[in-house]
$ cat structure.csv   # CSV, C-alpha atoms and all ligand atoms
chain,number,residue,atom,x,y,z
K,1,MET,CA,77.2,82.4,115.2
K,2,SER,CA,73.5,82.4,114.2
K,3,ALA,CA,72.2,85.9,114.1
K,4,ARG,CA,70.2,88.7,112.7
K,5,ILE,CA,72.0,91.0,110.2
K,6,LEU,CA,71.4,94.7,109.8
K,7,LEU,CA,71.9,95.9,106.3
K,8,ALA,CA,71.9,99.7,106.5
K,9,TYR,CA,72.2,101.9,103.4
K,10,ALA,CA,72.3,105.6,102.4
K,11,THR,CA,71.2,106.8,99.0
K,12,ARG,CA,70.5,110.1,97.2
K,13,TYR,CA,68.9,108.8,93.9
K,14,GLY,CA,67.9,105.2,94.9
K,15,SER,CA,70.6,103.1,93.1
K,16,THR,CA,72.4,102.1,96.3
K,17,GLN,CA,69.0,101.2,97.9
K,18,GLN,CA,68.4,98.8,95.0
K,19,VAL,CA,71.8,97.2,95.5
K,20,ALA,CA,71.1,96.9,99.2
K,21,GLU,CA,67.8,95.2,98.4
K,22,ALA,CA,69.5,92.7,96.1
K,23,ILE,CA,72.2,91.9,98.8
K,24,ALA,CA,69.5,91.5,101.4
K,25,ASN,CA,67.6,89.1,99.2
K,26,LYS,CA,70.7,87.1,98.5
K,27,LEU,CA,71.5,86.9,102.3
K,28,ARG,CA,67.9,85.8,103.0
K,29,GLU,CA,68.2,83.1,100.3
K,30,SER,CA,71.1,81.7,102.4
K,31,GLY,CA,68.7,81.4,105.3
K,32,LEU,CA,69.8,84.5,107.2
K,33,VAL,CA,67.5,87.0,108.9
K,34,VAL,CA,68.1,90.5,107.5
K,35,ASP,CA,66.7,93.8,108.5
K,36,LEU,CA,67.1,96.3,105.7
K,37,GLU,CA,67.0,100.0,106.9
K,38,PRO,CA,68.0,103.4,105.8
K,39,MET,CA,71.0,104.4,108.0
K,40,ARG,CA,69.4,107.5,109.3
K,41,GLN,CA,66.5,105.5,110.7
K,42,VAL,CA,68.6,103.1,112.7
K,43,ARG,CA,68.4,103.8,116.4
K,44,THR,CA,70.4,100.9,117.9
K,45,LEU,CA,72.5,97.9,116.9
K,46,ALA,CA,71.4,95.8,119.8
K,47,GLY,CA,70.3,92.3,118.8
K,48,TYR,CA,72.4,92.2,115.6
K,49,GLY,CA,75.3,89.8,115.1
K,50,ALA,CA,76.7,91.5,112.1
K,51,VAL,CA,76.2,94.7,110.1
K,52,VAL,CA,76.5,95.4,106.3
K,53,LEU,CA,76.8,99.1,105.3
K,54,GLY,CA,76.3,100.5,101.8
K,55,ALA,CA,76.4,104.1,100.6
K,56,PRO,CA,77.5,106.0,97.5
K,57,LEU,CA,80.5,108.2,96.9
K,58,TYR,CA,79.8,111.9,96.2
K,59,VAL,CA,82.5,114.4,95.3
K,60,LEU,CA,85.3,112.2,96.7
K,61,HIS,CA,83.4,111.5,99.9
K,62,TRP,CA,81.3,108.7,101.2
K,63,HIS,CA,77.7,109.8,101.8
K,64,LYS,CA,77.4,112.0,104.9
K,65,GLU,CA,74.9,109.6,106.5
K,66,ALA,CA,77.5,106.9,106.4
K,67,HIS,CA,79.9,109.1,108.3
K,68,ASP,CA,77.2,109.9,110.8
K,69,PHE,CA,76.3,106.3,111.2
K,70,LEU,CA,79.9,105.2,111.9
K,71,SER,CA,80.4,108.0,114.5
K,72,LYS,CA,77.0,107.3,116.2
K,73,HIS,CA,77.4,103.5,116.4
K,74,GLN,CA,81.2,103.3,116.9
K,75,GLU,CA,81.0,101.4,120.2
K,76,ALA,CA,78.7,98.6,118.8
K,77,LEU,CA,80.4,98.4,115.4
K,78,GLY,CA,83.8,97.9,117.1
K,79,LYS,CA,82.4,94.6,118.6
K,80,GLN,CA,80.9,92.9,115.6
K,81,PRO,CA,81.7,91.9,112.0
K,82,VAL,CA,81.1,94.7,109.6
K,83,ALA,CA,81.1,94.6,105.8
K,84,ILE,CA,81.1,97.7,103.6
K,85,PHE,CA,80.1,98.5,100.0
K,86,ALA,CA,80.1,101.8,98.1
K,87,LEU,CA,78.6,102.7,94.7
K,88,GLY,CA,80.6,105.2,92.6
K,89,PRO,CA,82.2,104.6,89.2
K,90,LEU,CA,80.1,105.5,86.2
K,91,HIS,CA,82.0,103.6,83.6
K,92,ASP,CA,83.0,99.9,83.3
K,93,ASP,CA,86.6,100.9,83.7
K,94,GLU,CA,89.1,99.3,86.1
K,95,ALA,CA,91.2,102.5,86.6
K,96,GLU,CA,88.0,104.4,87.5
K,97,ARG,CA,86.9,101.7,89.9
K,98,GLN,CA,90.3,101.8,91.5
K,99,GLY,CA,90.0,105.6,91.9
K,100,SER,CA,86.7,105.2,93.6
K,101,ARG,CA,88.1,102.5,95.8
K,102,GLU,CA,90.9,104.8,96.9
K,103,GLN,CA,88.3,107.5,97.7
K,104,LEU,CA,86.5,105.0,99.9
K,105,ASP,CA,89.7,103.8,101.6
K,106,LYS,CA,90.6,107.4,102.4
K,107,GLU,CA,87.2,107.9,103.9
K,108,LEU,CA,87.3,104.7,106.0
K,109,ALA,CA,90.8,105.6,107.2
K,110,LYS,CA,89.1,108.4,109.2
K,111,PHE,CA,87.6,105.6,111.4
K,112,PRO,CA,90.8,103.6,112.3
K,113,TRP,CA,88.9,101.6,114.9
K,114,LEU,CA,86.8,100.1,112.1
K,115,VAL,CA,88.2,96.8,110.7
K,116,PRO,CA,85.7,95.6,108.0
K,117,VAL,CA,85.7,91.9,107.1
K,118,ALA,CA,84.9,92.9,103.5
K,119,ILE,CA,85.0,96.1,101.5
K,120,GLU,CA,83.8,96.5,97.9
K,121,VAL,CA,83.1,99.2,95.3
K,122,PHE,CA,80.4,98.6,92.7
K,123,GLY,CA,79.6,100.6,89.6
K,124,GLY,CA,76.9,103.2,90.0
K,125,LYS,CA,74.0,104.7,88.1
K,126,TYR,CA,73.8,108.2,86.8
K,127,ASP,CA,71.1,110.2,85.1
K,128,PRO,CA,71.9,113.9,84.5
K,129,ALA,CA,68.2,114.7,83.8
K,130,LYS,CA,67.3,113.7,87.3
K,131,LEU,CA,69.9,115.5,89.3
K,132,HIS,CA,69.0,117.9,92.2
K,133,PHE,CA,69.9,121.5,91.6
K,134,SER,CA,73.3,121.4,93.5
K,135,ASP,CA,74.4,118.2,91.8
K,136,LYS,CA,73.4,119.7,88.4
K,137,LEU,CA,75.6,122.6,89.1
K,138,ILE,CA,78.6,120.4,90.0
K,139,ALA,CA,78.0,118.3,86.8
K,140,SER,CA,77.8,121.4,84.6
K,141,LEU,CA,81.3,122.7,85.6
K,142,PRO,CA,83.7,122.1,82.7
K,143,ALA,CA,86.3,120.7,85.2
K,144,SER,CA,83.9,118.2,86.7
K,145,PRO,CA,84.4,114.5,85.9
K,146,LEU,CA,80.7,114.5,85.4
K,147,HIS,CA,80.7,117.1,82.6
K,148,ASN,CA,78.9,115.8,79.6
K,149,VAL,CA,78.7,112.2,81.0
K,150,PRO,CA,75.6,110.6,79.6
K,151,ALA,CA,73.0,108.6,81.6
K,152,GLY,CA,74.2,105.1,82.4
K,153,ASP,CA,73.9,102.3,84.8
K,154,VAL,CA,77.0,100.1,85.3
K,155,ARG,CA,75.9,98.2,88.3
K,156,ASN,CA,77.1,94.7,87.8
K,157,TRP,CA,74.4,92.5,89.3
K,158,THR,CA,76.5,89.3,88.8
K,159,ALA,CA,79.3,90.8,90.9
K,160,ILE,CA,76.9,92.1,93.5
K,161,ASP,CA,75.3,88.6,93.8
K,162,ALA,CA,78.7,87.0,94.1
K,163,TRP,CA,79.8,89.4,96.8
K,164,ALA,CA,76.6,88.8,98.7
K,165,SER,CA,77.0,85.0,98.4
K,166,ASN,CA,80.4,85.2,100.0
K,167,LEU,CA,79.3,87.5,102.9
K,168,PRO,CA,77.9,84.9,105.3
K,169,ALA,CA,81.3,83.1,105.5
K,170,LYS,CA,83.1,86.4,105.9
K,171,LEU,CA,80.7,87.6,108.6
K,172,GLU,CA,81.0,84.1,110.2
K,173,LEU,CA,77.3,83.7,110.2
K,174,LYS,CA,75.3,80.5,110.0
K,175,LYS,CA,71.7,80.3,108.9
K,176,ALA,CA,69.0,80.4,111.6
K,177,THR,CA,67.9,77.0,112.6
K,178,ALA,CA,64.9,78.0,114.8
Z,1,LIG,C1,77.2,115.1,91.9
Z,1,LIG,C2,77.8,113.7,91.8
Z,1,LIG,C3,79.0,113.5,92.3
Z,1,LIG,C4,79.6,112.2,92.3
Z,1,LIG,N1,80.9,112.0,92.8
Z,1,LIG,C5,81.4,110.8,92.8
Z,1,LIG,C6,82.7,110.6,93.3
Z,1,LIG,O1,83.4,111.5,93.8
Z,1,LIG,N2,83.2,109.3,93.2
Z,1,LIG,C7,82.5,108.3,92.7
Z,1,LIG,O2,83.1,107.2,92.6
Z,1,LIG,N3,81.3,108.4,92.2
Z,1,LIG,C8,80.7,109.7,92.3
Z,1,LIG,N4,79.4,109.8,91.8
Z,1,LIG,C9,78.6,108.7,91.3
Z,1,LIG,C10,77.6,108.2,92.3
Z,1,LIG,O3,78.3,107.6,93.4
Z,1,LIG,C11,76.7,107.1,91.6
Z,1,LIG,O4,75.9,107.9,90.7
Z,1,LIG,C12,75.8,106.3,92.6
Z,1,LIG,O5,75.2,105.3,91.9
Z,1,LIG,C13,74.7,107.2,93.2
Z,1,LIG,O6,74.1,106.5,94.2
Z,1,LIG,P1,72.6,106.8,94.7
Z,1,LIG,O7,71.7,106.6,93.5
Z,1,LIG,O8,72.3,105.7,95.7
Z,1,LIG,O9,72.5,108.2,95.3
Z,1,LIG,C14,78.8,111.1,91.8
Z,1,LIG,C15,77.5,111.4,91.3
Z,1,LIG,C16,77.0,112.6,91.3
Z,1,LIG,C17,75.6,112.9,90.8
$ encode --input "structure.csv" --output "structure tokens"
Amino acid sequence: MSARILLAYATRYGSTQQVAEAIANKLRESGLVVDLEPMRQVRTLAGYGAVVLGAPLYVLHWHKEAHDFLSKHQEALGKQPVAIFALGPLHDDEAERQGSREQLDKELAKFPWLVPVAIEVFGGKYDPAKLHFSDKLIASLPASPLHNVPAGDVRNWTAIDAWASNLPAKLELKKATA
């Protein structure tokens, strides 16, 4: 199939948007036509042959806009290849990554009609100095996993590039010839 891809993302502090941009660039390098859009701005999936969705995990949940997107576009998403990524873990630690993956899997299980061709969790970015008020409050709780966590960025751009390079085959897309 030769087709246009929609890469739709949600973000609170911008790190997922930057990952979405990197994935879009990689897909374009493979000759694909990619529309990169914030999820909340997408009106229709008409004209797309595949969809890639990316959003961060917050307090054990996938970003609310991702839930809204899946609900709103269920019918169209059920008919085309969908790949999914989430940002989350704040340390380069396999057990933490696995925990975030379980959070994402639990969230996706709420949409049993969705059968993604690829699902991945990437490390995230965190800066306590830049948090909005409500997130600052959560992070300040002694029981919070964010308590006293320093600023960091564990996005692995090599892993992100590698995932994006494998996507066209998984989405069964060929580069546009026109
Ligand atoms: C208040 C708060 C709660 C978070 N909760 C989780 C979580 O439950 N699981 C997880 O894997 N990551 C969690 N994270 C990490 C974020 O997913 C990570 O910082 C991500 O890169 C943020 O993406 P964004 O910059 O696109 O908003 C949390 C971060 C904050 C600030």
$ closest_residue --input "structure.csv" --among "K:Glu65, K:Glu96, K:Glu37, K:Asp135" --to "Gly123 of chain K" --atoms "all atoms listed in the file"
K:Glu96
$ atom_distance --input "structure.csv" --atom1 "atom C3 of ligand LIG 1 (chain Z)" --atom2 "atom CA of Val59 of chain K"
4.7 Å
$ residues_near_ligand --input "structure.csv" --ligand "ligand LIG 1 (chain Z)" --cutoff "7 Å" --atoms "all atoms listed in the file" --output "PDB file with C-alpha atoms, in the coordinates of the input"
ATOM      1  CA  ALA K  10      72.300 105.600 102.400  1.00  0.00           C
ATOM      2  CA  THR K  11      71.200 106.800  99.000  1.00  0.00           C
ATOM      3  CA  ARG K  12      70.500 110.100  97.200  1.00  0.00           C
ATOM      4  CA  TYR K  13      68.900 108.800  93.900  1.00  0.00           C
ATOM      5  CA  GLY K  14      67.900 105.200  94.900  1.00  0.00           C
ATOM      6  CA  SER K  15      70.600 103.100  93.100  1.00  0.00           C
ATOM      7  CA  THR K  16      72.400 102.100  96.300  1.00  0.00           C
ATOM      8  CA  GLN K  17      69.000 101.200  97.900  1.00  0.00           C
ATOM      9  CA  ALA K  55      76.400 104.100 100.600  1.00  0.00           C
ATOM     10  CA  PRO K  56      77.500 106.000  97.500  1.00  0.00           C
ATOM     11  CA  LEU K  57      80.500 108.200  96.900  1.00  0.00           C
ATOM     12  CA  TYR K  58      79.800 111.900  96.200  1.00  0.00           C
ATOM     13  CA  VAL K  59      82.500 114.400  95.300  1.00  0.00           C
ATOM     14  CA  LEU K  60      85.300 112.200  96.700  1.00  0.00           C
ATOM     15  CA  HIS K  61      83.400 111.500  99.900  1.00  0.00           C
ATOM     16  CA  LEU K  87      78.600 102.700  94.700  1.00  0.00           C
ATOM     17  CA  GLY K  88      80.600 105.200  92.600  1.00  0.00           C
ATOM     18  CA  PRO K  89      82.200 104.600  89.200  1.00  0.00           C
ATOM     19  CA  LEU K  90      80.100 105.500  86.200  1.00  0.00           C
ATOM     20  CA  SER K 100      86.700 105.200  93.600  1.00  0.00           C
ATOM     21  CA  GLY K 123      79.600 100.600  89.600  1.00  0.00           C
ATOM     22  CA  GLY K 124      76.900 103.200  90.000  1.00  0.00           C
ATOM     23  CA  LYS K 125      74.000 104.700  88.100  1.00  0.00           C
ATOM     24  CA  TYR K 126      73.800 108.200  86.800  1.00  0.00           C
ATOM     25  CA  LEU K 131      69.900 115.500  89.300  1.00  0.00           C
ATOM     26  CA  ASP K 135      74.400 118.200  91.800  1.00  0.00           C
ATOM     27  CA  LYS K 136      73.400 119.700  88.400  1.00  0.00           C
ATOM     28  CA  ILE K 138      78.600 120.400  90.000  1.00  0.00           C
ATOM     29  CA  ALA K 139      78.000 118.300  86.800  1.00  0.00           C
TER      30      ALA K 139
END
$ atom_distance --input "structure.csv" --atom1 "atom CA of Arg97 of chain K" --atom2 "atom CA of Val121 of chain K"
7.1 Å
$ closest_residue --input "structure.csv" --among "K:Ala86, K:Ala169, K:Ile160, K:Asn148" --to "Glu21 of chain K" --atoms "only C-alpha atoms"
K:Ile160
$ closest_residue --input "structure.csv" --among "K:Ala66, K:Ala95, K:Ile119, K:Val149" --to "Pro38 of chain K" --atoms "only C-alpha atoms"
K:Ala66
$ atom_distance --input "structure.csv" --atom1 "atom CA of Pro116 of chain K" --atom2 "atom CA of Pro81 of chain K"
6.8 Å
$ closest_residue --input "structure.csv" --among "K:Leu108, K:Gln98, K:Ala151, K:Ser140" --to "Pro128 of chain K" --atoms "all atoms listed in the file"
K:Ala151
$ residues_around --input "structure.csv" --residues "Ala22 of chain K" --least-positions-apart "3" --cutoff "9 Å" --atoms "all atoms listed in the file" --output "VMD selection string"
chain K and resid 17 to 19 25 to 27 157 160 to 161 164
$ closest_residue --input "structure.csv" --among "K:His63, K:Asp127, K:Leu6, K:Ala109" --to "Leu77 of chain K" --atoms "only C-alpha atoms"
K:Leu6
$ closest_residue --input "structure.csv" --among "K:His91, K:Lys170, K:His132, K:Lys106" --to "Arg155 of chain K" --atoms "only C-alpha atoms"
K:His91
$ residues_around --input "structure.csv" --residues "Val82 of chain K" --least-positions-apart "4" --cutoff "12 Å" --atoms "all atoms listed in the file" --output "PyMOL selection string"
chain K and resi 5-8+45+48-54+70+73-74+76-78+113-119+167-168+170-173
